[in-house]
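Student: File model_16.cif follows (mmCIF, C-alpha atoms and all ligand atoms):
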```cif
data_data
loop_
_atom_site.label_atom_id
_atom_site.label_comp_id
_atom_site.auth_asym_id
_atom_site.auth_seq_id
_atom_site.Cartn_x
_atom_site.Cartn_y
_atom_site.Cartn_z
CA MET W 181 102.73 -50.69 -0.98
CA TYR W 182 99.66 -48.43 -1.18
CA GLU W 183 98.87 -46.48 1.99
CA ILE W 184 95.63 -44.67 2.82
CA ARG W 185 94.80 -42.29 5.65
CA PHE W 186 91.18 -41.51 6.51
CA HIS W 187 90.17 -38.37 8.39
CA GLY W 188 86.65 -38.38 9.77
CA ARG W 189 84.52 -37.60 12.76
CA GLY W 190 83.63 -40.08 15.45
CA GLY W 191 80.43 -41.75 14.21
CA GLN W 192 80.99 -41.24 10.48
CA GLY W 193 82.32 -44.72 9.87
CA ALA W 194 85.99 -44.00 9.06
CA VAL W 195 87.06 -47.23 10.76
CA MET W 196 84.50 -49.30 8.87
CA ALA W 197 85.62 -47.64 5.61
CA ALA W 198 89.25 -48.60 6.28
CA GLN W 199 88.26 -52.17 7.13
CA THR W 200 86.06 -52.45 4.04
CA ILE W 201 88.74 -51.23 1.64
CA ALA W 202 91.15 -53.74 3.20
CA GLU W 203 88.59 -56.52 2.72
CA ALA W 204 88.05 -55.47 -0.92
CA ALA W 205 91.81 -55.78 -1.52
CA ILE W 206 91.86 -59.20 0.13
CA LEU W 207 89.02 -60.30 -2.16
CA GLU W 208 91.38 -59.50 -5.05
CA GLY W 209 94.07 -61.73 -3.54
CA LYS W 210 96.14 -58.90 -2.07
CA GLN W 211 97.47 -58.42 1.45
CA ALA W 212 95.92 -55.65 3.54
CA GLN W 213 95.64 -54.20 7.01
CA ALA W 214 93.35 -51.59 8.58
CA PHE W 215 93.31 -49.98 12.01
CA PRO W 216 92.02 -46.82 13.69
CA PHE W 217 93.44 -44.09 15.87
CA PHE W 218 91.19 -42.54 18.51
CA GLY W 219 91.98 -39.93 21.08
CA ALA W 220 90.10 -39.69 24.34
CA GLU W 221 87.29 -38.15 22.37
CA ARG W 222 83.57 -38.25 21.84
CA ARG W 223 81.24 -38.69 18.89
CA GLY W 224 81.91 -35.94 16.37
CA ALA W 225 85.53 -35.44 17.38
CA PRO W 226 88.22 -35.91 14.71
CA VAL W 227 89.38 -39.51 14.25
CA MET W 228 91.81 -41.19 11.87
CA ALA W 229 91.91 -44.64 10.35
CA PHE W 230 94.58 -46.23 8.20
CA ALA W 231 94.81 -48.94 5.55
CA ARG W 232 97.73 -50.55 3.74
CA ILE W 233 97.52 -52.72 0.64
CA ASP W 234 100.30 -54.68 -0.99
CA ASP W 235 100.93 -57.75 -3.11
CA LYS W 236 103.26 -59.14 -0.47
CA ARG W 237 103.13 -59.52 3.28
CA ILE W 238 102.88 -56.22 5.18
CA CYS W 239 105.11 -56.03 8.22
CA ASP W 240 104.80 -52.31 8.94
CA ARG W 241 102.35 -51.71 11.79
CA THR W 242 102.86 -47.98 12.27
CA GLN W 243 100.36 -45.21 11.58
CA VAL W 244 100.38 -43.94 8.00
CA SER W 245 102.22 -40.62 7.99
CA GLU W 246 102.91 -40.38 4.24
CA PRO W 247 99.77 -41.63 2.49
CA ASP W 248 99.33 -42.29 -1.22
CA MET W 249 95.67 -41.47 -0.75
CA LEU W 250 94.10 -39.08 1.68
CA VAL W 251 90.40 -39.44 2.44
CA VAL W 252 88.57 -36.51 4.05
CA MET W 253 85.12 -37.66 5.14
CA ASP W 254 84.15 -34.31 6.59
CA GLU W 255 85.08 -31.10 4.81
CA SER W 256 85.00 -29.02 8.00
CA LEU W 257 88.08 -30.91 9.21
CA LEU W 258 90.13 -28.89 6.72
CA ASP W 259 89.74 -25.90 9.08
CA ILE W 260 90.81 -27.68 12.24
CA GLU W 261 93.23 -30.47 11.29
CA PRO W 262 96.38 -30.49 9.14
CA VAL W 263 94.84 -33.28 7.06
CA ALA W 264 97.14 -32.90 4.05
CA SER W 265 100.25 -33.32 6.12
CA GLY W 266 102.65 -35.86 4.60
CA LEU W 267 100.62 -36.61 1.44
CA LYS W 268 103.05 -38.19 -1.05
CA LYS W 269 104.04 -36.31 -4.17
CA GLY W 270 101.80 -37.68 -6.91
CA GLY W 271 99.28 -38.83 -4.29
CA CYS W 272 95.60 -38.03 -4.41
CA ALA W 273 92.85 -36.80 -2.13
CA VAL W 274 89.21 -37.82 -1.90
CA VAL W 275 87.05 -35.18 -0.24
CA ASN W 276 83.41 -35.29 0.83
CA SER W 277 82.29 -31.94 -0.53
CA SER W 278 79.66 -30.43 -2.79
CA LEU W 279 82.43 -28.25 -4.28
CA ALA W 280 84.42 -29.06 -7.41
CA PRO W 281 88.06 -30.06 -6.74
CA SER W 282 89.32 -26.72 -8.07
CA ASP W 283 87.26 -24.94 -5.36
CA ILE W 284 88.69 -27.02 -2.54
CA ASP W 285 91.72 -25.62 -0.75
CA LEU W 286 93.49 -28.57 0.80
CA GLY W 287 96.75 -26.77 1.52
CA VAL W 288 98.61 -28.70 -1.18
CA VAL W 289 98.09 -28.75 -4.94
CA THR W 290 97.26 -32.33 -5.77
CA ARG W 291 94.99 -34.60 -7.78
CA CYS W 292 91.60 -34.62 -6.13
CA VAL W 293 88.24 -36.32 -6.38
CA SER W 294 85.29 -34.63 -4.70
CA VAL W 295 81.90 -36.14 -4.05
CA ASP W 296 78.86 -34.92 -2.12
CA ALA W 297 78.79 -38.10 -0.06
CA THR W 298 76.55 -36.54 2.59
CA SER W 299 73.76 -35.88 0.09
CA ILE W 300 74.13 -39.37 -1.42
CA ALA W 301 73.98 -40.95 2.05
CA LEU W 302 70.93 -38.90 3.07
CA GLU W 303 69.20 -39.68 -0.20
CA MET W 304 69.92 -43.40 -0.36
CA LEU W 305 70.50 -44.47 3.25
CA ARG W 306 68.40 -41.83 5.05
CA ALA W 307 71.33 -41.13 7.39
CA PRO W 308 74.50 -39.01 7.06
CA ILE W 309 76.79 -42.05 7.32
CA VAL W 310 79.13 -41.33 4.44
CA ASN W 311 81.61 -44.18 4.57
CA THR W 312 80.19 -46.35 1.77
CA SER W 313 79.76 -43.38 -0.59
CA ILE W 314 83.33 -42.34 0.08
CA LEU W 315 84.50 -45.86 -0.81
CA GLY W 316 82.93 -45.49 -4.26
CA ALA W 317 84.74 -42.18 -4.78
CA MET W 318 88.02 -43.85 -3.77
CA ALA W 319 87.58 -46.36 -6.60
CA ARG W 320 87.13 -43.42 -8.96
CA ALA W 321 90.27 -41.69 -7.66
CA ASP W 322 92.61 -44.62 -8.13
CA ASP W 323 92.40 -48.17 -9.44
CA PHE W 324 94.28 -49.88 -6.62
CA VAL W 325 91.05 -51.82 -5.92
CA LYS W 326 88.14 -52.31 -8.33
CA LEU W 327 84.69 -50.84 -7.62
CA GLU W 328 83.14 -54.34 -7.91
CA SER W 329 85.42 -55.64 -5.13
CA ILE W 330 84.51 -52.67 -2.95
CA GLN W 331 80.81 -53.31 -3.52
CA GLN W 332 81.25 -56.98 -2.67
CA ALA W 333 83.16 -56.11 0.52
CA ILE W 334 80.40 -53.64 1.47
CA MET W 335 77.73 -56.29 0.98
CA ASN W 336 79.72 -58.80 3.04
CA ARG W 337 80.49 -56.42 5.87
CA PHE W 338 77.31 -54.34 6.06
CA GLY W 339 75.08 -57.25 5.06
CA GLU W 340 76.43 -59.32 7.93
CA LYS W 341 75.86 -56.52 10.44
CA LEU W 342 72.71 -54.83 9.16
CA GLY W 343 71.05 -57.34 6.87
CA GLU W 344 71.12 -58.09 3.15
CA LYS W 345 68.97 -55.10 2.14
CA ALA W 346 71.20 -52.61 3.99
CA GLY W 347 74.27 -54.23 2.43
CA ARG W 348 72.81 -53.82 -1.05
CA LEU W 349 71.75 -50.20 -0.45
CA ASN W 350 75.22 -49.30 0.80
CA ALA W 351 76.80 -50.96 -2.24
CA GLU W 352 74.47 -48.90 -4.45
CA ALA W 353 75.52 -45.73 -2.58
CA ALA W 354 79.14 -46.56 -3.43
CA LYS W 355 78.25 -46.91 -7.13
CA ALA W 356 76.29 -43.63 -7.08
CA ALA W 357 79.28 -41.88 -5.53
CA TYR W 358 81.58 -43.41 -8.16
CA ASP W 359 79.33 -42.04 -10.91
CA ARG W 360 78.85 -38.60 -9.34
CA SER W 361 82.49 -38.00 -8.34
CA ARG W 362 84.28 -35.07 -9.91
CA GLU W 363 87.96 -35.25 -10.78
CA GLY W 364 90.41 -32.38 -10.87
CA THR W 365 93.15 -30.61 -8.95
CA CYS W 366 92.62 -28.94 -5.59
CA ARG W 367 94.25 -25.72 -4.45
CA GLY W 368 97.14 -25.27 -2.06
CA GLU W 369 96.61 -21.79 -0.65
CA ARG W 370 95.53 -22.68 2.86
CA LYS W 371 98.29 -22.61 5.45
CA VAL W 372 98.34 -26.07 6.93
CA GLN W 373 97.01 -25.42 10.41
CA LYS W 374 99.02 -26.41 13.40
CA LYS W 375 96.84 -28.23 15.88
CA ASN W 376 96.15 -26.17 19.00
CA ALA W 377 97.83 -27.19 22.19
CA TRP W 378 95.48 -28.48 24.86
CA LEU W 379 94.20 -25.90 27.27
CA PRO W 380 95.34 -25.25 29.86
CA THR W 381 98.86 -26.58 30.08
CA TRP W 382 99.93 -28.08 33.39
CA GLN W 383 101.64 -24.82 34.29
CA GLU W 384 98.31 -23.01 33.89
CA THR W 385 96.26 -25.50 35.83
CA PRO W 386 94.42 -23.79 38.69
CA PRO W 387 95.87 -24.26 42.19
CA GLY W 388 94.57 -27.37 43.90
CA VAL W 389 94.52 -29.50 40.74
CA ALA W 390 97.42 -31.90 40.45
CA LEU W 391 98.64 -33.11 37.10
CA PRO W 392 101.90 -34.89 36.39
CA LYS W 393 104.64 -32.70 35.03
CA THR W 394 105.24 -33.01 31.29
CA THR W 395 108.10 -35.33 30.42
CA LYS W 396 109.97 -35.80 27.17
CA ALA W 397 108.14 -39.07 26.71
CA GLY W 398 104.64 -37.67 26.92
CA MET W 399 102.45 -34.75 27.79
CA ALA W 400 100.13 -33.78 30.54
CA VAL W 401 96.63 -32.91 29.43
CA GLY W 402 94.91 -30.31 31.50
CA PRO W 403 91.18 -29.96 32.01
CA GLY W 404 89.29 -28.07 29.33
CA SER W 405 90.75 -29.82 26.30
CA MET W 406 87.26 -30.85 25.13
CA THR W 407 86.38 -27.20 24.52
CA GLN W 408 88.85 -27.17 21.63
CA ASN W 409 87.00 -29.82 19.70
CA LEU W 410 84.28 -27.81 18.01
CA THR W 411 82.14 -30.81 17.17
CA GLY W 412 79.40 -28.48 15.95
CA SER W 413 81.24 -27.91 12.68
CA TRP W 414 80.40 -31.48 11.76
CA GLY W 415 76.63 -31.87 12.17
CA VAL W 416 74.53 -32.16 9.04
CA SER W 417 71.58 -30.41 10.68
CA SER W 418 71.10 -28.01 13.55
CA PRO W 419 68.20 -27.08 15.84
CA VAL W 420 66.00 -24.08 15.17
CA TYR W 421 64.27 -22.99 18.39
CA ASP W 422 60.89 -21.26 18.59
CA ASP W 423 60.59 -19.55 21.97
CA SER W 424 56.89 -18.78 21.42
CA LYS W 425 56.04 -22.52 21.54
CA CYS W 426 58.40 -23.39 24.39
CA ILE W 427 56.85 -24.20 27.80
CA LYS W 428 60.29 -24.30 29.51
CA CYS W 429 59.95 -27.93 30.50
CA GLN W 430 63.73 -28.34 30.09
CA ARG W 431 63.50 -31.81 28.56
CA CYS W 432 65.77 -30.75 25.71
CA TRP W 433 68.31 -29.29 28.13
CA PHE W 434 68.34 -32.52 30.09
CA ILE W 435 68.79 -34.85 27.12
CA CYS W 436 71.38 -32.93 25.07
CA PRO W 437 74.51 -35.14 25.10
CA GLU W 438 76.80 -32.19 24.40
CA GLY W 439 75.51 -29.84 27.08
CA CYS W 440 75.14 -27.15 24.48
CA ILE W 441 71.67 -25.96 25.51
CA ARG W 442 71.85 -23.17 28.06
CA ARG W 443 69.07 -21.63 30.11
CA SER W 444 69.03 -17.89 30.56
CA GLU W 445 67.54 -16.32 33.68
CA ASP W 446 64.19 -15.69 31.99
CA GLY W 447 64.04 -19.35 30.96
CA VAL W 448 64.70 -18.76 27.26
CA LEU W 449 66.99 -21.41 25.81
CA GLN W 450 70.19 -20.71 23.94
CA PHE W 451 71.85 -23.28 21.71
CA ASP W 452 75.62 -23.13 21.52
CA ILE W 453 75.88 -24.64 18.06
CA ARG W 454 79.69 -24.65 18.22
CA TYR W 455 79.27 -27.96 20.06
CA CYS W 456 75.94 -29.18 18.64
CA LYS W 457 76.46 -32.28 16.52
CA GLY W 458 72.92 -32.30 15.16
CA CYS W 459 71.77 -35.52 16.81
CA GLY W 460 68.19 -34.20 16.95
CA LEU W 461 67.44 -35.61 20.40
CA CYS W 462 66.29 -32.21 21.66
CA ALA W 463 63.71 -31.96 18.85
CA LYS W 464 62.60 -35.54 19.48
CA VAL W 465 61.80 -35.06 23.17
CA CYS W 466 60.21 -31.62 22.85
CA PRO W 467 56.48 -32.00 23.62
CA LYS W 468 55.57 -28.74 21.86
CA ASP W 469 57.49 -28.98 18.59
CA ALA W 470 59.41 -25.90 19.67
CA ILE W 471 62.59 -27.27 18.06
CA GLN W 472 62.91 -28.18 14.40
CA MET W 473 66.01 -29.77 12.92
CA LYS W 474 67.08 -28.10 9.66
CA ARG W 475 69.82 -29.15 7.33
CA LYS W 476 72.73 -26.72 7.54
CA GLY W 477 72.89 -24.34 4.64
CA ALA W 478 69.25 -25.04 3.70
CA LYS W 479 67.07 -22.04 2.94
CA ALA W 480 64.59 -21.23 5.73
S1 LIG W 501 70.79 -31.53 18.16
FE1 LIG W 501 69.97 -30.86 20.12
S2 LIG W 501 70.42 -32.56 21.55
FE2 LIG W 501 71.71 -32.87 19.75
S3 LIG W 501 73.65 -31.89 20.24
FE3 LIG W 501 72.40 -30.33 19.18
S4 LIG W 501 71.35 -29.21 20.77
FE4 LIG W 501 72.12 -31.10 21.71
S1 LIG W 502 61.75 -29.52 25.30
FE1 LIG W 502 60.68 -28.04 24.00
S2 LIG W 502 59.17 -27.07 25.35
FE2 LIG W 502 60.66 -28.13 26.66
S3 LIG W 502 62.18 -26.54 27.13
FE3 LIG W 502 62.94 -27.64 25.34
S4 LIG W 502 62.17 -26.40 23.63
FE4 LIG W 502 60.98 -25.79 25.40
#
```
With the file now loaded, output its structure as structure tokens.
Ligand code: SF4
Ligand code: SF4

Tutor:
Amino acid sequence: MYEIRFHGRGGQGAVMAAQTIAEAAILEGKQAQAFPFFGAERRGAPVMAFARIDDKRICDRTQVSEPDMLVVMDESLLDIEPVASGLKKGGCAVVNSSLAPSDIDLGVVTRCVSVDATSIALEMLRAPIVNTSILGAMARADDFVKLESIQQAIMNRFGEKLGEKAGRLNAEAAKAAYDRSREGTCRGERKVQKKNAWLPTWQETPPGVALPKTTKAGMAVGPGSMTQNLTGSWGVSSPVYDDSKCIKCQRCWFICPEGCIRRSEDGVLQFDIRYCKGCGLCAKVCPKDAIQMKRKGAKA
């Protein structure tokens, strides 16, 4: 049995990627399953999805804890999630990164394929939805499913939802990623991070707030846990604010879905980019073009 674990951000299409790879395997006459794992999270928060492929019936329905292939759809997750945990010896990793495999520190030394899926998606699909590009890189990393089957599954799945042209463009993005993928070995210097505990624990909860006591079977989650998910590390672009153009109408403050625009006493806005996911809504509603969205890392 071949097991795959996807690590992505809410909104990146990790679930669709898992379903598409399963469909590609089924097109080749294999058995497959795909399913996601979500927390009580929001767009941009870490999510996982799983896929299993086998020649015979698959009875295991558990999450994949020891994958043959690890797929990291967002490089920034390496800093906040123990993504390499459980990767099988001899397994491989596929990472969305502009770096070569030898420059990627996954926390384990393993075979690795890297691809700048974000740039491919922006170039070919005009949106940072990286799932179809990542699927092409997966075909390059291992031959458990052929690229042609993946492209067919993409056209079926995306074509049905978004139309024939979108299906074809996404299939072409997969091929471009296959061609531009780089193969090598990643580094294992990073200490695999232990996920932070939620804050605060029930013992620390302020007086007057009642939460059930933690039991062996589960855990109580206190208020404030959302502050630990720094969704801003994900966004492809971030707002650049020009105070000289701003008329303090507050439209951007009102529309920001992450509440990361703050107003100081003199009315000047501050953007807490630790939580900004780069949706661009603030720039869209601004009547004075006082906010420009710029790709992260781009020269000013
Ligand atoms: S791009 Fe603007 S609206 Fe979107 S999350 Fe960032 S600050 Fe908020
Ligand atoms: S929408 Fe534009 S003009 Fe209005 S407060 Fe925000 S930045 Fe200023």

Student: With only C-alpha atoms and all ligand atoms counted, collect every polymer residue having an atom within 6 Å of ligand LIG 501 (chain W); state the result as a list in words.

Tutor: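 The distance check yields Ser418, Pro419, Cys436, Pro437, Glu438, Cys440, Ile441, Cys456, Lys457, Gly458, Cys459, Gly460, Leu461 and Cys462 of chain W.
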
Student: Pull C-alpha atoms from the residues just selected and write them as a tab-separated table (two decimals), in the coordinates of the input.

Tutor:
```
chain	number	residue	atom	x	y	z
W	418	SER	CA	71.10	-28.01	13.55
W	419	PRO	CA	68.20	-27.08	15.84
W	436	CYS	CA	71.38	-32.93	25.07
W	437	PRO	CA	74.51	-35.14	25.10
W	438	GLU	CA	76.80	-32.19	24.40
W	440	CYS	CA	75.14	-27.15	24.48
W	441	ILE	CA	71.67	-25.96	25.51
W	456	CYS	CA	75.94	-29.18	18.64
W	457	LYS	CA	76.46	-32.28	16.52
W	458	GLY	CA	72.92	-32.30	15.16
W	459	CYS	CA	71.77	-35.52	16.81
W	460	GLY	CA	68.19	-34.20	16.95
W	461	LEU	CA	67.44	-35.61	20.40
W	462	CYS	CA	66.29	-32.21	21.66
```

Student: What do you get as a PDB file with C-alpha atoms, in the frame of the given file if you pick all residues at most 12 Å from ligand LIG 502 (chain W), counting all atoms listed in the file?

Tutor:
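Produced file pocket-v2.pdb, reproduced below:
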```pdb
ATOM      1  CA  PRO W 419      68.200 -27.080  15.840  1.00  0.00           C
ATOM      2  CA  VAL W 420      66.000 -24.080  15.170  1.00  0.00           C
ATOM      3  CA  TYR W 421      64.270 -22.990  18.390  1.00  0.00           C
ATOM      4  CA  ASP W 422      60.890 -21.260  18.590  1.00  0.00           C
ATOM      5  CA  ASP W 423      60.590 -19.550  21.970  1.00  0.00           C
ATOM      6  CA  SER W 424      56.890 -18.780  21.420  1.00  0.00           C
ATOM      7  CA  LYS W 425      56.040 -22.520  21.540  1.00  0.00           C
ATOM      8  CA  CYS W 426      58.400 -23.390  24.390  1.00  0.00           C
ATOM      9  CA  ILE W 427      56.850 -24.200  27.800  1.00  0.00           C
ATOM     10  CA  LYS W 428      60.290 -24.300  29.510  1.00  0.00           C
ATOM     11  CA  CYS W 429      59.950 -27.930  30.500  1.00  0.00           C
ATOM     12  CA  GLN W 430      63.730 -28.340  30.090  1.00  0.00           C
ATOM     13  CA  ARG W 431      63.500 -31.810  28.560  1.00  0.00           C
ATOM     14  CA  CYS W 432      65.770 -30.750  25.710  1.00  0.00           C
ATOM     15  CA  TRP W 433      68.310 -29.290  28.130  1.00  0.00           C
ATOM     16  CA  PHE W 434      68.340 -32.520  30.090  1.00  0.00           C
ATOM     17  CA  ILE W 435      68.790 -34.850  27.120  1.00  0.00           C
ATOM     18  CA  CYS W 436      71.380 -32.930  25.070  1.00  0.00           C
ATOM     19  CA  ILE W 441      71.670 -25.960  25.510  1.00  0.00           C
ATOM     20  CA  ARG W 442      71.850 -23.170  28.060  1.00  0.00           C
ATOM     21  CA  ARG W 443      69.070 -21.630  30.110  1.00  0.00           C
ATOM     22  CA  SER W 444      69.030 -17.890  30.560  1.00  0.00           C
ATOM     23  CA  GLY W 447      64.040 -19.350  30.960  1.00  0.00           C
ATOM     24  CA  VAL W 448      64.700 -18.760  27.260  1.00  0.00           C
ATOM     25  CA  LEU W 449      66.990 -21.410  25.810  1.00  0.00           C
ATOM     26  CA  GLN W 450      70.190 -20.710  23.940  1.00  0.00           C
ATOM     27  CA  PHE W 451      71.850 -23.280  21.710  1.00  0.00           C
ATOM     28  CA  GLY W 460      68.190 -34.200  16.950  1.00  0.00           C
ATOM     29  CA  LEU W 461      67.440 -35.610  20.400  1.00  0.00           C
ATOM     30  CA  CYS W 462      66.290 -32.210  21.660  1.00  0.00           C
ATOM     31  CA  ALA W 463      63.710 -31.960  18.850  1.00  0.00           C
ATOM     32  CA  LYS W 464      62.600 -35.540  19.480  1.00  0.00           C
ATOM     33  CA  VAL W 465      61.800 -35.060  23.170  1.00  0.00           C
ATOM     34  CA  CYS W 466      60.210 -31.620  22.850  1.00  0.00           C
ATOM     35  CA  PRO W 467      56.480 -32.000  23.620  1.00  0.00           C
ATOM     36  CA  LYS W 468      55.570 -28.740  21.860  1.00  0.00           C
ATOM     37  CA  ASP W 469      57.490 -28.980  18.590  1.00  0.00           C
ATOM     38  CA  ALA W 470      59.410 -25.900  19.670  1.00  0.00           C
ATOM     39  CA  ILE W 471      62.590 -27.270  18.060  1.00  0.00           C
ATOM     40  CA  GLN W 472      62.910 -28.180  14.400  1.00  0.00           C
ATOM     41  CA  MET W 473      66.010 -29.770  12.920  1.00  0.00           C
TER      42      MET W 473
END
```

Student: Tell me, as a tab-separated table (two decimals) with C-alpha atoms, in the frame of the given file, which residues lie within 9 Å of Gln211 (chain W), counting only C-alpha atoms; anything in the same chain fewer than 3 positions away does not count.

Tutor:
```
chain	number	residue	atom	x	y	z
W	202	ALA	CA	91.15	-53.74	3.20
W	205	ALA	CA	91.81	-55.78	-1.52
W	206	ILE	CA	91.86	-59.20	0.13
W	208	GLU	CA	91.38	-59.50	-5.05
W	232	ARG	CA	97.73	-50.55	3.74
W	233	ILE	CA	97.52	-52.72	0.64
W	234	ASP	CA	100.30	-54.68	-0.99
W	235	ASP	CA	100.93	-57.75	-3.11
W	236	LYS	CA	103.26	-59.14	-0.47
W	237	ARG	CA	103.13	-59.52	3.28
W	238	ILE	CA	102.88	-56.22	5.18
```

Student: Tell me, in Å to one decimal, how far CA of Arg337 (chain W) is from CA of Leu258 (chain W).

Tutor: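 Distance reported for this atom pair: 29.2 Å.
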
Student: For region 229-331 of chain W against region 367-371 of chain W, with a cut-off of 9 Å and counting all atoms listed in the file, what is the closest atom pair and its distance in Å to one decimal for every residue that makes the cut, ordered by chain and number, as a tab-separated table?

Tutor:
```
residue	atom	partner	partner_atom	distance
W:Pro262	CA	W:Lys371	CA	8.9
W:Pro281	CA	W:Arg367	CA	7.9
W:Ser282	CA	W:Arg367	CA	6.2
W:Asp283	CA	W:Arg367	CA	7.1
W:Ile284	CA	W:Arg367	CA	6.0
W:Asp285	CA	W:Arg367	CA	4.5
W:Leu286	CA	W:Gly368	CA	5.7
W:Gly287	CA	W:Gly368	CA	3.9
W:Val288	CA	W:Gly368	CA	3.8
W:Val289	CA	W:Gly368	CA	4.6
W:Thr290	CA	W:Arg367	CA	7.4
```

Student: Find the residues near Gln332 (chain W): any atom within 10 Å, counting only C-alpha atoms, skip ones fewer than 4 places away on the same chain, and give them as a list in words.

Tutor: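 Skipping anything fewer than 4 positions along the chain leaves Thr200, Glu203, Ala204, Leu207, Leu327, Glu328, Asn336, Arg337, Phe338, Gly339, Gly347, Arg348 and Ala351 of chain W.
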
Student: Can you tell me, as an NGL selection string, what residues are no more than 12 Å from region 322-324 of chain W when counting all atoms listed in the file, ignoring any on the same chain fewer than 6 positions away?

Tutor: :W and (181-184 or 201-202 or 204-206 or 208 or 210 or 212 or 232-235 or 248-251 or 270-274 or 291-293 or 315-316 or 330 or 358 or 363)

Student: Emit a file covering region 327-339 of chain W of the preceding structure with N, CA and C atoms, as a compact mmCIF listing (two decimals), in the first residue's frame.

Tutor:
```
# COMPACT_ATOMS: atom_id res chain seq x y z
N LEU W 327 1.88 10.48 -14.83
CA LEU W 327 1.51 11.89 -15.03
C LEU W 327 0.24 11.99 -15.90
N GLU W 328 0.15 11.14 -16.94
CA GLU W 328 -1.02 11.21 -17.85
C GLU W 328 -2.31 10.94 -17.08
N SER W 329 -2.26 9.99 -16.13
CA SER W 329 -3.47 9.68 -15.35
C SER W 329 -3.83 10.87 -14.45
N ILE W 330 -2.79 11.51 -13.89
CA ILE W 330 -3.03 12.67 -13.04
C ILE W 330 -3.66 13.79 -13.87
N GLN W 331 -3.14 14.01 -15.07
CA GLN W 331 -3.69 15.07 -15.91
C GLN W 331 -5.15 14.77 -16.29
N GLN W 332 -5.42 13.49 -16.56
CA GLN W 332 -6.80 13.12 -16.90
C GLN W 332 -7.72 13.35 -15.70
N ALA W 333 -7.25 12.96 -14.52
CA ALA W 333 -8.07 13.14 -13.30
C ALA W 333 -8.30 14.63 -13.03
N ILE W 334 -7.28 15.45 -13.30
CA ILE W 334 -7.44 16.91 -13.12
C ILE W 334 -8.51 17.43 -14.09
N MET W 335 -8.42 16.98 -15.33
CA MET W 335 -9.40 17.48 -16.31
C MET W 335 -10.81 17.04 -15.94
N ASN W 336 -10.93 15.80 -15.46
CA ASN W 336 -12.27 15.32 -15.04
C ASN W 336 -12.80 16.17 -13.90
N ARG W 337 -11.98 16.29 -12.86
CA ARG W 337 -12.42 16.90 -11.60
C ARG W 337 -12.59 18.42 -11.73
N PHE W 338 -11.55 19.08 -12.26
CA PHE W 338 -11.60 20.54 -12.36
C PHE W 338 -12.50 20.96 -13.52
N GLY W 339 -12.48 20.15 -14.59
CA GLY W 339 -13.33 20.46 -15.74
C GLY W 339 -14.80 20.43 -15.34
```
